[in-house]
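The structure appears below as structure tokens.
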Amino acid sequence: MEKQLELRRKPLAVAVTAACMAMSANAPAQEGAGPVIEEILVTATRREASVQDIPYNISAMSGDYLVDVHNVVNQYDVLRAMYGVTVVDRGYRNSGTVNNIVIRGLNVDNGANGDIMLNAVPTVATYYDNTPLFANFLVKDIERVEVLRGPQGTLYGSGSLGGTVRYIANVPDPQAFDASVEVDFGTTSGSGGNNLAFDGMINVPIGDRTALRAAYSRIDNDGVIDYVNVYQLNEFREPLIDVDGQCVDPRDATDQQILFNTGCFREAEDADTVEIDYYKLALRSNITDSLSVQLNYHRQEDEIGARRSTTVGDNGQPPGSDLFFAYGDDDSGQVILEPSSREVDLASLDVEVDFGFATFTSTTSTYDHTGVGESDNGGLWASGGRDWNFLFYGGQWPRPIQRAERGYEDEAFIQEFRLVSKTGESFDWILGAYWMDQETSVYQLSWNPGMNLFKNACRDTGDVICTIGGIYGGFWPRFYAGDLSEIDFEYVRDTDYEERAVYGEVTYHFSDTFRLTGGFRWFDNETVNDTILGFPLPPGSTSPAAPQSTDSDDDVLVKLNASWDLNPSAMLYTTYSEGYRHGGAQAVPSLENGDPFGEPNAEAIRTFESDSVKNYEIGIKGGTDAFQYTAAAFYVDWEDPQLNTTSAFFGFFLAANGQEATTRGIELEFEGYLTDTLHYRVGYTWLEAELDKDFISPQTGAVVAPQGSDLPGAPNNTLSFNVDSRWQLGTDMELVAGVNGYYQSEAENFINQSSVLNETYESFLLLGASASLTRDNWQATLYVRNLTDEEGVSGGFPSAYWSYDTGIFENWYGNGNRRFIVEPRTIGLRLGYRF
């Protein structure tokens with residue numbers, strides 16, 4: 001039976017919405033002199049239009065406004081400026097690995113995700129101009145950013161469940177030469193160093209119809225996190241040994257020293273350094289009045305020194321001993337640094353032809369995105385009763401360390417065609433075709449550094465530690481230091497994905513004030529997956545390939561929208577739209593077939609199903625020259641939500657389907673002027689997001705999360721705001737100053753609030769301020785981000801699951817839990833010159 005629509009209304013939200021409707025019913029368009037809100041033209045509906053004329057809930061901000069008022073640098077800054085959007089802020093480390101954007105609460109994934117590319121694709125699509133890709137480029141030389149809430153499969157080639165975020169770059173201008181340079185110097189709380197940044201742009205006309213635009217940005221930031229108990233390692237990344245106060249390479253130590261001496265530690269201050277280079281190039285030619293071609297290229301290179309996260313608690317040593325200490329506000333308890341690096345290249349060709357009755361657009365894109373990161377995996381070995389070193393070493397190992405390397409390569413070719421009618425008397429229409437061919441390769445290798453030297457020393461001495469309890473005694477062969485046999489876990493996942501889709505919309509204008517839109521999306525997709533998984537430590541073991549798995553799906557989605565102009569300054573709209581996220585194949589070996597490392601009931605997890613949403617929405621938007629508003633109420637029914645998780649026994653990364661969840665909420669946005677120069681913008685979202693049925697594991701039948709659980713990363717309340725003003729100082733100088741803020745209420749880390757994987761993170765408020773002085777071609781900006789130095793935790797590796805057990809046998813040092821924090825208070829000065 002179809003679930004009956006239910007929308008719980010909050011009195012405050014209802015009152016505000018009613019007030020908006022009352023104002024709209026009587027508010028005439030403002031005339032005469034006075035402040036006027038900057039009109040932002042967007043192409044979200046594939047036609048250029050004002051945000052206030054589009055019958056959907058969409059927000060847009062110009063690039064200049066985002067920089068001048070919000071001081072944005074990256075996607076976290078941008079999305080916190082857009083109301084109703086939440087992110088798990090993991091900093092720049094592996095920042096392109098996992099899309100962590102949540103709109104309308106559509107998320108069931110763990111806040112600890114982020115180190116490895118996931119099986120299920122994100123619920124929110126991201127676009128750079130006309131190319132669907134999550135690359136987390138720096139937000140530089142941007143014309144505007146658009147956020148569309150709700151499913152968008154009838155307007156875009158890449159479908160989505162929760163919404164779409166579009167980054168629209170500045171285009172080359174053949175009319176005039178333009179260039180700018182900017183340098184930025186700042187300092188961040190907790191860091192002993194400085195932040196340096198550079199931006200340069202040049203726009204060069206080539207004749208009357210062609211122009212080249214190039215931009216380059218560089219970020220070089222010292223870190224803020226101190227890794228206070230990091231092992232000192234040799235060239236094979238094995239721990240050095242403390243011999244009479246000296247750090248000795250274990251290859252130069254005696255067997256007794258290898259067996260019983262502890263490691264050497266150091267403190268790595270400000271370890272999470274950031275080095276990013278971003279390049280952008282665009283060549284545009286308006287060949288004729290009806291034909292234009294633009295070639296685009298983006299490249300970004302990231303080198304990150306460590307993770308921006310903090311550890312709570314202590315280092316697990318006996319309280320009162322000389323080794324015991326508690327972690328401070330900027331400390332990490334990992335015993336190895338956790339660096340990452342990545343490269344992403346995106347090239348696209350846009351061709352636009354004006355046929356008179358319609359505009360034809362072709363976008364051809366290709367990208368290659370690779371990355372790798374290292375992690376301290378000790379929390380997986382020494383918490384929750386997983387004291388595995390006792391099994392391997394037969395007792396205490398003086399230098400326990402477990403390192404994981406995770407990497408990915410994602411490459412794709414994408415072709416999209418669109419034909420968009422010119423606005424006509426009665427009908428407007430859009431027709432598009434989309435094809436994507438994507439290949440991804442994801443891997444994880446885990447090491448036990450120093451294991452070979454330890455077991456060889458055991459063999460040489462015959463010490464009791466080698467013969468009681470440990471599996472090294474008697475039969476384990478000899479290896480040399482640095483040998484690959486120290487790998488205890490190997491995982492490789494290769495996936496080929498192909499999708500074809502046809503989509504479109506038709507709008508019929510019944511009158512000058514009433515319109516009805518119908519949309520559709522037909523799609524067909526196929527996934528082929530090959531996986532290798534093994535545990536190479538035991539002698540003679542291999543990492544076998546699982547049976548290849550395939551999956552395919554096709555369907556049709558629909559959309560209905562009606563909009564009515566209540567008067568020249570207000571519009572009422574309602575929307576029903578369907579969203580879809582494709583399923584996939586997961587090659588998992590079967591225990592029943594006798595496969596090495598086979599999983600029981602593997603057939604149940606060799607594929608995961610698509611999930612889908614039915615989105616119901618009603619809204620009103622309008623205003624005058626000096627005041628605009630949007631109010632919307634939504635209800636989303638989410639069927640078969642996909643959870644990124646692991647298999648029950650051997651840890652295959654996979655996605656699993658639940659049963660049903662719902663989200664409901666109220667979205668409000670106001671923008672206007674309090675005086676002729678004092679401008680404000682406020683956005684608020686109230687949200688409830690929860691499971692409607694128990695989330696049952698398809699492999700084991702166990703309850704992953706019970707009915708009524710709150711969805712993670714979906715706070716009940718979010719608020720974004722800014723207030724800014726301009727002052728003319730004489731005839732050639734202007735001062736622009738403003739404050740901005742972002743608030744979110746408490747949020748969960750995992751879908752089951754009773755699980756050790758969950759933590760409830762407290763609410764936080766981030767405040768910023770800036771003042772810019774402009775004279776002629778010069779501009780100087782003094783800014784501060786996170787004024788009150790809030791911790792702002794939005795995800796992490798919880799203490800209950802990742803902190804080392806008390807009273808363990810293996811001498812683990814440090815602590816495995818982590819909490820992702822926002823950028824601490826940063827104060828900076830930006831100087832720019834425009835030629």
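Residues in the structure tokens are named by chain (A, B, ... in the order shown) and by number from 1 within that chain; ligands are numbered from 1 in the order shown.
Taking only region 178-259 of chain A, the residues that DSSP calls alpha helix (DSSP H) from the backbone come to Asp255, Gln256, Gln257, Ile258 and Leu259 of chain A.
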Distance query region 209-212 of chain A at most 7 Å, only C-alpha atoms, self and fewer than 2 positions along chain excluded, as a compact mmCIF listing (two decimals) with C-alpha atoms, in the first residue's frame:
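This is the output file selection_18.txt:
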# COMPACT_ATOMS: atom_id res chain seq x y z
CA PRO A 172 36.54 34.04 -21.71
CA ASP A 173 35.52 37.52 -22.85
CA PRO A 174 36.60 38.64 -26.36
CA ASN A 203 41.79 37.10 -20.09
CA VAL A 204 43.21 37.76 -23.57
CA PRO A 205 41.02 38.62 -26.59
CA ILE A 206 42.13 36.99 -29.84
CA GLY A 207 40.35 38.97 -32.53
CA ALA A 214 43.69 31.23 -17.79
CA ALA A 282 39.37 28.09 -21.28
CA LEU A 283 39.35 28.99 -24.97
CA ARG A 284 36.09 30.32 -26.41
CA SER A 285 35.20 31.33 -29.93
CA ASN A 286 31.90 32.79 -31.07
CA ILE A 287 32.45 31.56 -34.60
Strand (DSSP E) residues, from DSSP on the backbone, in region 549-686 of chain A, as a PyMOL selection string: chain A and resi 549-567+570-581+584-585+607-608+611-623+627-639+642-646+653-657+660-673+678-686
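What separates CA of Asp368 (chain A) from CA of Phe653 (chain A) is a distance of 22.5 Å.
Taking only C-alpha atoms into account, Leu572 (chain A) lies nearest to A:Ala633 out of the set A:Ala633, A:Val784, A:Leu533, A:Leu687.
Proximity to Phe523 (chain A) at 10 Å, evaluated using only C-alpha atoms and with sequence-adjacent residues fewer than 5 positions away removed, yields Gly153, Gly157, Gly159, Ala433, Tyr434, Trp435, Glu499, Arg500, Ala501, Val502, Tyr503, Asp553, Asp554, Asp555, Val556, Leu557, Tyr580 and His582 of chain A.
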Can you write out the residues you just picked, keeping all heavy atoms, as a tab-separated table (two decimals), in the first residue's frame?
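Result went into out.tsv, see below:
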chain	number	residue	atom	x	y	z
A	153	GLY	N	16.67	14.64	-12.17
A	153	GLY	CA	16.96	13.75	-13.29
A	153	GLY	C	16.32	14.13	-14.60
A	153	GLY	O	16.71	13.62	-15.65
A	157	GLY	N	21.88	15.21	-17.15
A	157	GLY	CA	22.24	13.86	-17.54
A	157	GLY	C	22.54	12.97	-16.37
A	157	GLY	O	22.15	11.81	-16.33
A	159	GLY	N	21.67	11.82	-12.88
A	159	GLY	CA	20.54	11.88	-11.97
A	159	GLY	C	21.00	12.11	-10.54
A	159	GLY	O	22.19	12.03	-10.21
A	433	ALA	N	19.99	13.87	-24.14
A	433	ALA	CA	20.50	12.50	-24.17
A	433	ALA	C	21.85	12.47	-23.49
A	433	ALA	O	22.64	13.43	-23.62
A	433	ALA	CB	20.62	12.00	-25.61
A	434	TYR	N	22.12	11.38	-22.79
A	434	TYR	CA	23.30	11.31	-21.92
A	434	TYR	C	23.92	9.93	-22.02
A	434	TYR	O	23.22	8.91	-22.04
A	434	TYR	CB	22.87	11.61	-20.49
A	434	TYR	CG	23.92	11.45	-19.43
A	434	TYR	CD1	24.83	12.46	-19.17
A	434	TYR	CD2	23.97	10.30	-18.64
A	434	TYR	CE1	25.78	12.33	-18.15
A	434	TYR	CE2	24.92	10.16	-17.63
A	434	TYR	CZ	25.82	11.18	-17.40
A	434	TYR	OH	26.75	11.04	-16.40
A	435	TRP	N	25.27	9.91	-22.11
A	435	TRP	CA	25.99	8.64	-22.11
A	435	TRP	C	27.24	8.80	-21.27
A	435	TRP	O	27.98	9.77	-21.39
A	435	TRP	CB	26.37	8.22	-23.53
A	435	TRP	CG	27.18	6.95	-23.57
A	435	TRP	CD1	26.80	5.73	-23.08
A	435	TRP	CD2	28.48	6.78	-24.13
A	435	TRP	NE1	27.80	4.80	-23.29
A	435	TRP	CE2	28.85	5.41	-23.94
A	435	TRP	CE3	29.38	7.63	-24.77
A	435	TRP	CZ2	30.06	4.89	-24.37
A	435	TRP	CZ3	30.60	7.11	-25.20
A	435	TRP	CH2	30.93	5.76	-25.00
A	499	GLU	N	26.16	4.03	-18.58
A	499	GLU	CA	24.78	4.50	-18.46
A	499	GLU	C	24.37	5.25	-19.71
A	499	GLU	O	25.14	6.04	-20.26
A	499	GLU	CB	24.61	5.41	-17.24
A	499	GLU	CG	23.17	5.93	-17.08
A	499	GLU	CD	22.97	6.80	-15.85
A	499	GLU	OE1	23.96	7.09	-15.15
A	499	GLU	OE2	21.83	7.20	-15.59
A	500	ARG	N	23.13	5.01	-20.12
A	500	ARG	CA	22.49	5.75	-21.21
A	500	ARG	C	21.17	6.30	-20.68
A	500	ARG	O	20.45	5.60	-19.96
A	500	ARG	CB	22.24	4.84	-22.42
A	500	ARG	CG	23.50	4.31	-23.06
A	500	ARG	CD	23.24	3.10	-23.93
A	500	ARG	NE	22.78	1.96	-23.12
A	500	ARG	CZ	23.61	1.15	-22.47
A	500	ARG	NH1	24.91	1.34	-22.51
A	500	ARG	NH2	23.12	0.15	-21.76
A	501	ALA	N	20.87	7.52	-21.04
A	501	ALA	CA	19.64	8.12	-20.54
A	501	ALA	C	19.10	9.12	-21.56
A	501	ALA	O	19.87	9.75	-22.30
A	501	ALA	CB	19.87	8.82	-19.21
A	502	VAL	N	17.78	9.23	-21.58
A	502	VAL	CA	17.08	10.27	-22.35
A	502	VAL	C	16.16	10.97	-21.36
A	502	VAL	O	15.45	10.32	-20.58
A	502	VAL	CB	16.28	9.68	-23.52
A	502	VAL	CG1	15.51	10.77	-24.24
A	502	VAL	CG2	17.21	8.94	-24.49
A	503	TYR	N	16.16	12.29	-21.37
A	503	TYR	CA	15.38	13.04	-20.39
A	503	TYR	C	14.77	14.26	-21.05
A	503	TYR	O	15.20	14.69	-22.14
A	503	TYR	CB	16.26	13.46	-19.20
A	503	TYR	CG	17.40	14.36	-19.57
A	503	TYR	CD1	17.25	15.75	-19.55
A	503	TYR	CD2	18.64	13.84	-19.95
A	503	TYR	CE1	18.30	16.58	-19.89
A	503	TYR	CE2	19.68	14.67	-20.29
A	503	TYR	CZ	19.52	16.04	-20.27
A	503	TYR	OH	20.55	16.86	-20.61
A	553	ASP	N	20.05	-2.34	-15.01
A	553	ASP	CA	18.77	-1.80	-14.59
A	553	ASP	C	18.29	-0.81	-15.63
A	553	ASP	O	19.10	-0.17	-16.33
A	553	ASP	CB	18.90	-1.10	-13.23
A	553	ASP	CG	17.56	-0.81	-12.58
A	553	ASP	OD1	16.54	-1.39	-13.02
A	553	ASP	OD2	17.52	-0.01	-11.63
A	554	ASP	N	16.98	-0.66	-15.75
A	554	ASP	CA	16.39	0.38	-16.60
A	554	ASP	C	15.02	0.71	-16.06
A	554	ASP	O	14.36	-0.12	-15.44
A	554	ASP	CB	16.31	-0.07	-18.07
A	554	ASP	CG	15.38	-1.26	-18.25
A	554	ASP	OD1	15.85	-2.40	-18.11
A	554	ASP	OD2	14.17	-1.04	-18.52
A	555	ASP	N	14.60	1.95	-16.27
A	555	ASP	CA	13.32	2.39	-15.73
A	555	ASP	C	13.00	3.76	-16.31
A	555	ASP	O	13.78	4.34	-17.07
A	555	ASP	CB	13.37	2.45	-14.20
A	555	ASP	CG	11.99	2.30	-13.56
A	555	ASP	OD1	10.99	2.39	-14.29
A	555	ASP	OD2	11.93	2.11	-12.33
A	556	VAL	N	11.85	4.28	-15.90
A	556	VAL	CA	11.41	5.62	-16.30
A	556	VAL	C	10.99	6.38	-15.05
A	556	VAL	O	10.25	5.85	-14.22
A	556	VAL	CB	10.25	5.57	-17.31
A	556	VAL	CG1	9.75	6.98	-17.61
A	556	VAL	CG2	10.67	4.88	-18.59
A	557	LEU	N	11.49	7.59	-14.89
A	557	LEU	CA	11.12	8.47	-13.80
A	557	LEU	C	10.26	9.61	-14.34
A	557	LEU	O	10.37	9.99	-15.51
A	557	LEU	CB	12.35	9.06	-13.12
A	557	LEU	CG	13.42	8.08	-12.65
A	557	LEU	CD1	14.62	8.85	-12.07
A	557	LEU	CD2	12.86	7.12	-11.62
A	580	TYR	N	16.49	8.81	-8.50
A	580	TYR	CA	17.00	7.44	-8.66
A	580	TYR	C	18.52	7.46	-8.50
A	580	TYR	O	19.21	8.38	-8.95
A	580	TYR	CB	16.63	6.93	-10.05
A	580	TYR	CG	17.34	5.66	-10.49
A	580	TYR	CD1	16.80	4.42	-10.22
A	580	TYR	CD2	18.54	5.73	-11.19
A	580	TYR	CE1	17.44	3.26	-10.63
A	580	TYR	CE2	19.19	4.57	-11.62
A	580	TYR	CZ	18.63	3.34	-11.33
A	580	TYR	OH	19.27	2.19	-11.73
A	582	HIS	N	21.64	4.56	-9.07
A	582	HIS	CA	21.81	3.22	-9.61
A	582	HIS	C	22.40	2.27	-8.59
A	582	HIS	O	23.15	2.66	-7.68
A	582	HIS	CB	22.66	3.25	-10.88
A	582	HIS	CG	24.11	3.57	-10.67
A	582	HIS	ND1	25.02	2.65	-10.21
A	582	HIS	CD2	24.83	4.71	-10.88
A	582	HIS	CE1	26.22	3.19	-10.14
A	582	HIS	NE2	26.13	4.45	-10.53
Applying 10 Å and only C-alpha atoms, which residues near Thr646 (chain A) remain after dropping the ones on its own chain fewer than 6 positions away? List them as a list in words. Phe652, Phe653, Leu654, Ala655 and Ala656 of chain A
Shell around region 289-292 of chain A at 10 Å using only C-alpha atoms, local window under 4 positions removed, as an MDAnalysis selection string: chainID A and resid 209:210 284:285 350:356 359:361
Would you give me, as JSON lines, each residue of region 71-90 of chain A having an atom within 9 Å of an atom of region 663-685 of chain A, along with its shortest atom pair and that distance in Å to one decimal, using only C-alpha atoms and sorting by chain and residue number?
{"residue": "A:Ala81", "atom": "CA", "partner": "A:Gly683", "partner_atom": "CA", "distance": 8.8}
{"residue": "A:Met82", "atom": "CA", "partner": "A:Gly683", "partner_atom": "CA", "distance": 7.5}
{"residue": "A:Tyr83", "atom": "CA", "partner": "A:Gly683", "partner_atom": "CA", "distance": 4.9}
{"residue": "A:Gly84", "atom": "CA", "partner": "A:Thr685", "partner_atom": "CA", "distance": 5.2}
{"residue": "A:Val85", "atom": "CA", "partner": "A:Thr685", "partner_atom": "CA", "distance": 8.9}
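Interatomic distance, CA of Glu411 (chain A) against CA of Val102 (chain A): 24.1 Å.
Closest to Leu643 (chain A) among A:Gln232, A:Gln300, A:Asn110, A:Thr630 is A:Asn110, based on only C-alpha atoms.
Here CA of Gln699 (chain A) is placed at a distance of 12.9 Å from CA of Pro589 (chain A).
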May I have the residues within 8 Å of Phe325 (chain A) as an mmCIF file with N, CA and C atoms, in the first residue's frame, using only C-alpha atoms and disregarding those fewer than 6 positions away in the same chain?
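The file below, selection.cif, is the result:
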data_model
loop_
_atom_site.group_PDB
_atom_site.id
_atom_site.type_symbol
_atom_site.label_atom_id
_atom_site.label_comp_id
_atom_site.auth_asym_id
_atom_site.auth_seq_id
_atom_site.Cartn_x
_atom_site.Cartn_y
_atom_site.Cartn_z
ATOM 1 N N ASP A 314 43.245 9.592 26.376
ATOM 2 C CA ASP A 314 44.672 9.520 26.689
ATOM 3 C C ASP A 314 45.333 8.486 25.805
ATOM 4 N N ASN A 315 46.626 8.278 26.048
ATOM 5 C CA ASN A 315 47.409 7.405 25.171
ATOM 6 C C ASN A 315 47.394 5.945 25.594
ATOM 7 N N GLN A 317 48.279 4.370 28.257
ATOM 8 C CA GLN A 317 49.291 3.849 29.178
ATOM 9 C C GLN A 317 48.764 3.902 30.617
ATOM 10 N N PRO A 319 47.713 4.971 34.063
ATOM 11 C CA PRO A 319 47.663 6.281 34.723
ATOM 12 C C PRO A 319 48.679 6.361 35.847
#
Using only C-alpha atoms, determine which residues lie at most 10 Å from region 584-586 of chain A, disregarding the query and same-chain residues fewer than 2 positions distant; provide the list as JSON, numbers by chain. {"A": [119, 120, 121, 493, 494, 495, 496, 497, 525, 526, 527, 528, 529, 530, 531, 546, 547, 548, 549, 550, 551, 552, 553, 581, 582, 588, 589, 602, 603, 605, 606, 607, 608, 609, 610, 652, 653, 654, 655]}
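The smallest atom-to-atom distance between Val636 (chain A) and any of A:Asn71, A:Arg149, A:Asn452, A:Val736, using only C-alpha atoms, is found for A:Arg149.
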